[in-house]
Each structure stands twice: as C-alpha cells, then as structure tokens.
>>> print(open('upload11.txt').read())   # compact mmCIF, N, CA and C atoms
# COMPACT_ATOMS: atom_id res chain seq x y z
N MET K 1 71.55 68.35 162.26
CA MET K 1 72.91 68.05 161.86
C MET K 1 72.88 67.37 160.49
N THR K 2 73.70 67.86 159.57
CA THR K 2 73.73 67.27 158.23
C THR K 2 74.97 66.41 158.06
N THR K 3 74.85 65.45 157.17
CA THR K 3 75.97 64.57 156.84
C THR K 3 76.91 65.30 155.89
N PRO K 4 78.23 65.26 156.13
CA PRO K 4 79.16 65.91 155.20
C PRO K 4 79.03 65.32 153.79
N GLU K 5 79.20 66.18 152.82
CA GLU K 5 79.08 65.81 151.42
C GLU K 5 80.41 65.26 150.90
N MET K 6 80.34 64.27 150.04
CA MET K 6 81.54 63.79 149.34
C MET K 6 81.15 63.52 147.90
N ARG K 7 82.02 63.91 147.00
CA ARG K 7 81.80 63.68 145.58
C ARG K 7 82.58 62.45 145.14
N ILE K 8 82.18 61.91 143.99
CA ILE K 8 82.87 60.76 143.40
C ILE K 8 83.23 61.13 141.97
N LEU K 9 84.47 60.79 141.58
CA LEU K 9 84.94 61.03 140.22
C LEU K 9 85.41 59.71 139.64
N THR K 10 84.83 59.30 138.52
CA THR K 10 85.26 58.08 137.85
C THR K 10 86.43 58.41 136.93
N VAL K 11 87.50 57.62 137.06
CA VAL K 11 88.73 57.83 136.29
C VAL K 11 89.17 56.47 135.75
N ARG K 12 89.55 56.42 134.47
CA ARG K 12 90.02 55.16 133.89
C ARG K 12 91.35 54.74 134.51
N GLN K 13 91.59 53.45 134.55
CA GLN K 13 92.89 52.93 134.98
C GLN K 13 93.87 53.11 133.83
N PRO K 14 95.14 53.31 134.04
CA PRO K 14 95.84 53.34 135.32
C PRO K 14 95.84 54.71 135.98
N TRP K 15 95.05 55.68 135.45
CA TRP K 15 95.05 57.02 136.01
C TRP K 15 94.50 57.03 137.43
N ALA K 16 93.49 56.22 137.72
CA ALA K 16 92.98 56.17 139.09
C ALA K 16 94.09 55.72 140.04
N TRP K 17 94.86 54.71 139.63
CA TRP K 17 95.99 54.24 140.44
C TRP K 17 97.01 55.35 140.61
N ALA K 18 97.30 56.09 139.52
CA ALA K 18 98.31 57.15 139.58
C ALA K 18 97.87 58.30 140.49
N ILE K 19 96.58 58.60 140.51
CA ILE K 19 96.08 59.66 141.40
C ILE K 19 96.26 59.24 142.85
N ILE K 20 95.92 58.02 143.18
CA ILE K 20 95.97 57.55 144.56
C ILE K 20 97.38 57.19 145.00
N HIS K 21 98.15 56.53 144.14
CA HIS K 21 99.45 55.98 144.56
C HIS K 21 100.66 56.62 143.89
N GLY K 22 100.48 57.28 142.75
CA GLY K 22 101.62 57.70 141.96
C GLY K 22 101.95 59.17 141.96
N GLY K 23 101.24 59.97 142.70
CA GLY K 23 101.57 61.38 142.75
C GLY K 23 100.92 62.23 141.67
N LYS K 24 99.96 61.66 140.93
CA LYS K 24 99.26 62.45 139.91
C LYS K 24 98.32 63.41 140.62
N ASP K 25 98.57 64.71 140.48
CA ASP K 25 97.75 65.68 141.20
C ASP K 25 96.97 66.62 140.29
N VAL K 26 96.94 66.32 138.99
CA VAL K 26 96.15 67.09 138.03
C VAL K 26 95.27 66.11 137.27
N GLU K 27 93.99 66.39 137.21
CA GLU K 27 93.06 65.59 136.41
C GLU K 27 92.38 66.52 135.43
N ASN K 28 92.53 66.25 134.15
CA ASN K 28 91.99 67.14 133.12
C ASN K 28 90.59 66.68 132.71
N ARG K 29 89.70 67.64 132.67
CA ARG K 29 88.32 67.40 132.22
C ARG K 29 87.93 68.52 131.27
N ALA K 30 87.01 68.25 130.37
CA ALA K 30 86.58 69.25 129.40
C ALA K 30 85.73 70.34 130.04
N ARG K 31 85.15 70.04 131.19
CA ARG K 31 84.34 71.05 131.87
C ARG K 31 84.50 70.89 133.38
N ASN K 32 84.11 71.90 134.11
CA ASN K 32 84.21 71.88 135.56
C ASN K 32 83.08 71.05 136.14
N LEU K 33 83.40 69.84 136.57
CA LEU K 33 82.39 68.96 137.16
C LEU K 33 82.15 69.27 138.64
N ALA K 34 83.08 69.98 139.26
CA ALA K 34 83.01 70.22 140.70
C ALA K 34 82.21 71.45 141.08
N GLY K 35 82.04 72.38 140.16
CA GLY K 35 81.39 73.64 140.52
C GLY K 35 82.19 74.34 141.60
N ASP K 36 81.53 74.78 142.64
CA ASP K 36 82.21 75.46 143.75
C ASP K 36 82.69 74.49 144.82
N TYR K 37 82.42 73.20 144.65
CA TYR K 37 82.77 72.21 145.67
C TYR K 37 84.28 72.09 145.83
N ARG K 38 84.75 72.06 147.07
CA ARG K 38 86.14 71.74 147.42
C ARG K 38 86.06 70.82 148.62
N GLY K 39 86.91 69.84 148.64
CA GLY K 39 86.90 68.90 149.75
C GLY K 39 87.16 67.49 149.27
N PRO K 40 86.77 66.48 150.07
CA PRO K 40 87.08 65.09 149.73
C PRO K 40 86.36 64.62 148.47
N VAL K 41 87.11 63.89 147.63
CA VAL K 41 86.56 63.30 146.42
C VAL K 41 87.01 61.84 146.38
N ALA K 42 86.06 60.94 146.29
CA ALA K 42 86.38 59.52 146.14
C ALA K 42 86.75 59.27 144.68
N ILE K 43 87.89 58.62 144.45
CA ILE K 43 88.32 58.28 143.09
C ILE K 43 87.83 56.88 142.78
N HIS K 44 86.92 56.81 141.83
CA HIS K 44 86.33 55.54 141.41
C HIS K 44 87.08 55.04 140.18
N ALA K 45 87.67 53.85 140.27
CA ALA K 45 88.36 53.25 139.13
C ALA K 45 87.30 52.72 138.17
N GLY K 46 87.30 53.27 136.97
CA GLY K 46 86.31 52.87 135.98
C GLY K 46 86.55 51.47 135.45
N ALA K 47 85.72 51.06 134.51
CA ALA K 47 85.76 49.71 133.97
C ALA K 47 86.71 49.57 132.79
N VAL K 48 87.28 50.69 132.30
CA VAL K 48 88.08 50.67 131.08
C VAL K 48 89.52 51.07 131.38
N TYR K 49 90.46 50.41 130.73
CA TYR K 49 91.88 50.73 130.83
C TYR K 49 92.25 51.66 129.68
N ASP K 50 92.95 52.74 129.97
CA ASP K 50 93.41 53.69 128.96
C ASP K 50 94.80 53.28 128.49
N ARG K 51 94.87 52.56 127.37
CA ARG K 51 96.14 52.05 126.87
C ARG K 51 97.11 53.17 126.48
N SER K 52 96.60 54.36 126.16
CA SER K 52 97.50 55.46 125.81
C SER K 52 98.36 55.88 127.00
N ALA K 53 97.94 55.54 128.20
CA ALA K 53 98.71 55.90 129.41
C ALA K 53 100.06 55.20 129.44
N ASP K 54 100.16 54.04 128.83
CA ASP K 54 101.42 53.28 128.86
C ASP K 54 102.58 54.08 128.27
N GLU K 55 102.29 54.97 127.35
CA GLU K 55 103.34 55.76 126.69
C GLU K 55 103.32 57.23 127.13
N HIS K 56 102.53 57.58 128.12
CA HIS K 56 102.40 58.97 128.54
C HIS K 56 103.71 59.44 129.20
N PRO K 57 104.21 60.62 128.84
CA PRO K 57 105.49 61.09 129.38
C PRO K 57 105.51 61.21 130.91
N GLU K 58 104.39 61.54 131.52
CA GLU K 58 104.37 61.66 132.98
C GLU K 58 104.50 60.28 133.65
N ILE K 59 103.90 59.27 133.06
CA ILE K 59 104.06 57.90 133.58
C ILE K 59 105.52 57.49 133.42
N ARG K 60 106.11 57.81 132.28
CA ARG K 60 107.54 57.50 132.05
C ARG K 60 108.43 58.18 133.08
N ARG K 61 108.16 59.48 133.34
CA ARG K 61 108.96 60.21 134.34
C ARG K 61 108.81 59.59 135.72
N MET K 62 107.60 59.20 136.07
CA MET K 62 107.36 58.60 137.38
C MET K 62 108.10 57.25 137.47
N ALA K 63 108.08 56.47 136.39
CA ALA K 63 108.79 55.20 136.39
C ALA K 63 110.28 55.41 136.56
N ASP K 64 110.83 56.38 135.82
CA ASP K 64 112.26 56.68 135.93
C ASP K 64 112.62 57.12 137.34
N ALA K 65 111.79 57.98 137.94
CA ALA K 65 112.06 58.49 139.28
C ALA K 65 112.07 57.38 140.32
N ARG K 66 111.33 56.31 140.04
CA ARG K 66 111.26 55.20 140.98
C ARG K 66 112.19 54.05 140.60
N GLY K 67 113.04 54.28 139.60
CA GLY K 67 114.04 53.29 139.24
C GLY K 67 113.51 52.07 138.50
N ALA K 68 112.34 52.18 137.90
CA ALA K 68 111.78 51.05 137.14
C ALA K 68 112.52 50.92 135.82
N SER K 69 112.87 49.71 135.45
CA SER K 69 113.62 49.51 134.22
C SER K 69 112.72 49.47 132.99
N SER K 70 111.43 49.32 133.18
CA SER K 70 110.50 49.30 132.05
C SER K 70 109.14 49.80 132.51
N MET K 71 108.31 50.17 131.53
CA MET K 71 106.95 50.59 131.85
C MET K 71 106.18 49.45 132.48
N ARG K 72 106.38 48.26 131.97
CA ARG K 72 105.66 47.09 132.50
C ARG K 72 106.03 46.86 133.96
N GLU K 73 107.30 47.07 134.30
CA GLU K 73 107.72 46.90 135.69
C GLU K 73 107.08 47.96 136.59
N PHE K 74 106.92 49.16 136.04
CA PHE K 74 106.37 50.25 136.85
C PHE K 74 104.86 50.15 137.02
N LEU K 75 104.15 50.06 135.89
CA LEU K 75 102.69 49.98 135.96
C LEU K 75 102.27 48.63 136.48
N ILE K 76 101.27 48.63 137.32
CA ILE K 76 100.72 47.36 137.78
C ILE K 76 100.18 46.67 136.53
N PRO K 77 100.54 45.40 136.30
CA PRO K 77 100.07 44.72 135.09
C PRO K 77 98.55 44.83 134.93
N TYR K 78 98.13 44.97 133.69
CA TYR K 78 96.73 45.19 133.33
C TYR K 78 95.78 44.28 134.10
N GLY K 79 96.06 43.03 134.20
CA GLY K 79 95.17 42.08 134.86
C GLY K 79 95.08 42.26 136.36
N HIS K 80 96.00 43.03 136.95
CA HIS K 80 96.01 43.18 138.40
C HIS K 80 95.49 44.53 138.87
N LEU K 81 95.16 45.42 137.96
CA LEU K 81 94.54 46.68 138.35
C LEU K 81 93.09 46.41 138.74
N ALA K 82 92.64 47.03 139.80
CA ALA K 82 91.25 46.85 140.20
C ALA K 82 90.37 47.82 139.41
N TYR K 83 89.20 47.37 139.07
CA TYR K 83 88.24 48.16 138.30
C TYR K 83 86.91 48.21 139.05
N ARG K 84 86.14 49.25 138.73
CA ARG K 84 84.79 49.40 139.27
C ARG K 84 84.76 49.40 140.80
N HIS K 85 85.68 50.13 141.39
CA HIS K 85 85.69 50.26 142.85
C HIS K 85 86.26 51.63 143.24
N ILE K 86 86.11 51.99 144.49
CA ILE K 86 86.70 53.22 144.99
C ILE K 86 88.16 52.93 145.31
N ALA K 87 89.05 53.61 144.60
CA ALA K 87 90.49 53.38 144.77
C ALA K 87 91.04 54.12 145.97
N GLY K 88 90.41 55.22 146.34
CA GLY K 88 90.86 56.01 147.47
C GLY K 88 90.16 57.35 147.48
N VAL K 89 90.56 58.19 148.41
CA VAL K 89 89.95 59.52 148.55
C VAL K 89 91.05 60.57 148.50
N VAL K 90 90.82 61.62 147.76
CA VAL K 90 91.74 62.75 147.66
C VAL K 90 91.01 64.02 148.07
N ASN K 91 91.76 65.09 148.22
CA ASN K 91 91.18 66.37 148.59
C ASN K 91 91.25 67.31 147.39
N LEU K 92 90.10 67.71 146.87
CA LEU K 92 90.05 68.68 145.78
C LEU K 92 90.28 70.06 146.36
N VAL K 93 91.36 70.70 145.93
CA VAL K 93 91.70 72.01 146.48
C VAL K 93 91.46 73.15 145.50
N ASP K 94 91.41 72.87 144.20
CA ASP K 94 91.23 73.94 143.24
C ASP K 94 90.77 73.39 141.90
N VAL K 95 90.16 74.24 141.11
CA VAL K 95 89.76 73.93 139.74
C VAL K 95 90.29 75.05 138.87
N HIS K 96 90.97 74.70 137.80
CA HIS K 96 91.51 75.70 136.87
C HIS K 96 90.77 75.54 135.55
N MET K 97 90.17 76.59 135.10
CA MET K 97 89.48 76.56 133.81
C MET K 97 90.46 77.05 132.74
N ALA K 98 90.85 76.16 131.86
CA ALA K 98 91.75 76.53 130.76
C ALA K 98 90.98 77.33 129.72
N THR K 99 91.67 78.24 129.06
CA THR K 99 91.06 79.06 128.02
C THR K 99 91.61 78.61 126.68
N PRO K 100 90.75 78.11 125.80
CA PRO K 100 91.24 77.67 124.49
C PRO K 100 91.67 78.85 123.63
N ASP K 101 92.63 78.56 122.72
CA ASP K 101 93.04 79.59 121.79
C ASP K 101 91.99 79.69 120.67
N SER K 102 92.27 80.49 119.63
CA SER K 102 91.29 80.71 118.57
C SER K 102 90.96 79.44 117.79
N LEU K 103 91.81 78.42 117.87
CA LEU K 103 91.56 77.14 117.19
C LEU K 103 90.96 76.10 118.14
N GLY K 104 90.68 76.52 119.37
CA GLY K 104 90.08 75.60 120.32
C GLY K 104 91.08 74.73 121.07
N ARG K 105 92.39 75.00 120.90
CA ARG K 105 93.42 74.21 121.56
C ARG K 105 93.72 74.79 122.94
N ILE K 106 94.01 73.90 123.88
CA ILE K 106 94.43 74.33 125.21
C ILE K 106 95.95 74.33 125.22
N ARG K 107 96.54 75.43 125.62
CA ARG K 107 97.99 75.54 125.71
C ARG K 107 98.39 75.65 127.17
N CYS K 108 99.58 75.18 127.50
CA CYS K 108 100.08 75.37 128.86
C CYS K 108 101.54 75.76 128.79
N GLN K 109 102.03 76.32 129.84
CA GLN K 109 103.41 76.74 129.92
C GLN K 109 104.22 75.65 130.62
N PRO K 110 105.30 75.15 130.01
CA PRO K 110 106.11 74.12 130.66
C PRO K 110 106.64 74.56 132.01
N GLU K 111 106.84 75.86 132.21
CA GLU K 111 107.40 76.33 133.47
C GLU K 111 106.34 76.40 134.58
N ASP K 112 105.09 76.08 134.26
CA ASP K 112 104.03 76.11 135.27
C ASP K 112 104.30 75.13 136.42
N ARG K 113 105.00 74.06 136.15
CA ARG K 113 105.25 73.03 137.15
C ARG K 113 106.72 72.61 137.06
N ALA K 114 107.23 72.12 138.16
CA ALA K 114 108.62 71.68 138.19
C ALA K 114 108.79 70.43 137.33
N PRO K 115 110.00 70.20 136.79
CA PRO K 115 110.25 69.00 135.99
C PRO K 115 109.93 67.74 136.80
N GLY K 116 109.29 66.80 136.13
CA GLY K 116 108.94 65.55 136.79
C GLY K 116 107.61 65.58 137.50
N GLU K 117 107.00 66.75 137.65
CA GLU K 117 105.67 66.82 138.25
C GLU K 117 104.62 66.63 137.16
N TRP K 118 103.43 66.22 137.57
CA TRP K 118 102.33 66.05 136.62
C TRP K 118 101.98 67.39 136.02
N ARG K 119 101.71 67.36 134.73
CA ARG K 119 101.33 68.57 134.01
C ARG K 119 99.98 68.35 133.34
N PRO K 120 99.23 69.42 133.16
CA PRO K 120 98.00 69.29 132.38
C PRO K 120 98.31 68.86 130.95
N ALA K 121 97.38 68.18 130.32
CA ALA K 121 97.55 67.83 128.91
C ALA K 121 97.49 69.11 128.09
N CYS K 122 98.36 69.23 127.12
CA CYS K 122 98.44 70.45 126.32
C CYS K 122 98.42 70.11 124.86
N SER K 123 97.93 71.06 124.09
CA SER K 123 98.02 70.89 122.64
C SER K 123 99.47 71.10 122.22
N PRO K 124 99.92 70.38 121.20
CA PRO K 124 101.30 70.57 120.74
C PRO K 124 101.53 71.95 120.18
>>> encode(input="upload11.txt", output="structure tokens")
Amino acid sequence: MTTPEMRILTVRQPWAWAIIHGGKDVENRARNLAGDYRGPVAIHAGAVYDRSADEHPEIRRMADARGASSMREFLIPYGHLAYRHIAGVVNLVDVHMATPDSLGRIRCQPEDRAPGEWRPACSP
C-alpha cells in the first residue's frame, strides 16, 4: 500500500490568502510545475508580500463584491498575514499552457471568464 501523493506550491501573500479564502482559482506560472499531476495541492504562504497585489483589479473586484470600503479594509493588514506556513489545501483540476504571440506576450480573451471572476494575467 502506498501513501497518497500531495504537492506543495509556494505562493506569495496575499495571493496565498486569496487562493484559500478569496475565491482565486487561477494561478499563473511561467511553466507547468504540475506535469500530469492532478489532485490535492498544499498552498504554502511564502516569506514575501507582493505589494503589486494591493492594486490588482481582481483584488479590487473581490473587495467591491464583499462591500469593503477600501483595499486596506478588504486585505488582511500586512502584519497579520501568516508567512512560511501551509495556508490550506486546494484541488488542482487542470493546467492550461498559454501560447505566447510572436513578441512573447500572453494574450487572453476577456470573455473567457464571467465578470468578477479571477482571470489569468494578460499582456495589454
């Protein structure tokens, strides 16, 4: 009898929090780290905070949907986010390999997802 396999993915805060608690269901990576693996993935909150997330449109949409009057009210204050721990476990159901255009940019279609849902990062 073998022990079931589980993978771990390190994600900077507040993205780790958003994956576990905020409905973020897309995680963009430059390459497929999962290979053929599908199943449980432990989300490890990394040691670094991504300050660009404070102005990210998806975080703003999530804050608006939850009635937060400001980003600070919505996001857990920087000092209270946990780092260097397993934030939770999610189920990896699919991997999408984006195809860059001739300039190496990744493009996406806005209609791929409903308004207010998480979208992959796209080149302008």
>>> atom_distance(input="upload11.txt", atom1="CA of Ala63 (chain K)", atom2="CA of Leu92 (chain K)")
24.9 Å
>>> atom_distance(input="upload11.txt", atom1="CA of Gly39 (chain K)", atom2="atom C of His96 (chain K)")
16.1 Å
>>> atom_distance(input="upload11.txt", atom1="atom C of Ala53 (chain K)", atom2="CA of Arg31 (chain K)")
22.5 Å
>>> residues_around(input="upload11.txt", residues="Val11 (chain K)", least_positions_apart="2", cutoff="9 Å", atoms="only C-alpha atoms", output="PyMOL selection string")
chain K and resi 9+13-16+27+43-48
>>> closest_residue(input="upload11.txt", among="K:Val90, K:Glu58, K:Gly67, K:Ala82", to="Ile19 (chain K)", atoms="all atoms listed in the file")
K:Val90
>>> closest_residue(input="upload11.txt", among="K:Glu55, K:Asp50, K:Arg12, K:Glu5", to="Arg84 (chain K)", atoms="only C-alpha atoms")
K:Arg12
>>> closest_residue(input="upload11.txt", among="K:Val26, K:Ile8, K:Ala18, K:Ala68", to="Pro40 (chain K)", atoms="only C-alpha atoms")
K:Ile8
>>> closest_residue(input="upload11.txt", among="K:Arg66, K:Arg7, K:Tyr49, K:Val41", to="Gly22 (chain K)", atoms="only C-alpha atoms")
K:Arg66
>>> closest_residue(input="upload11.txt", among="K:Gly35, K:Arg51, K:Ala42, K:Met62", to="Val95 (chain K)", atoms="only N, CA and C atoms")
K:Gly35
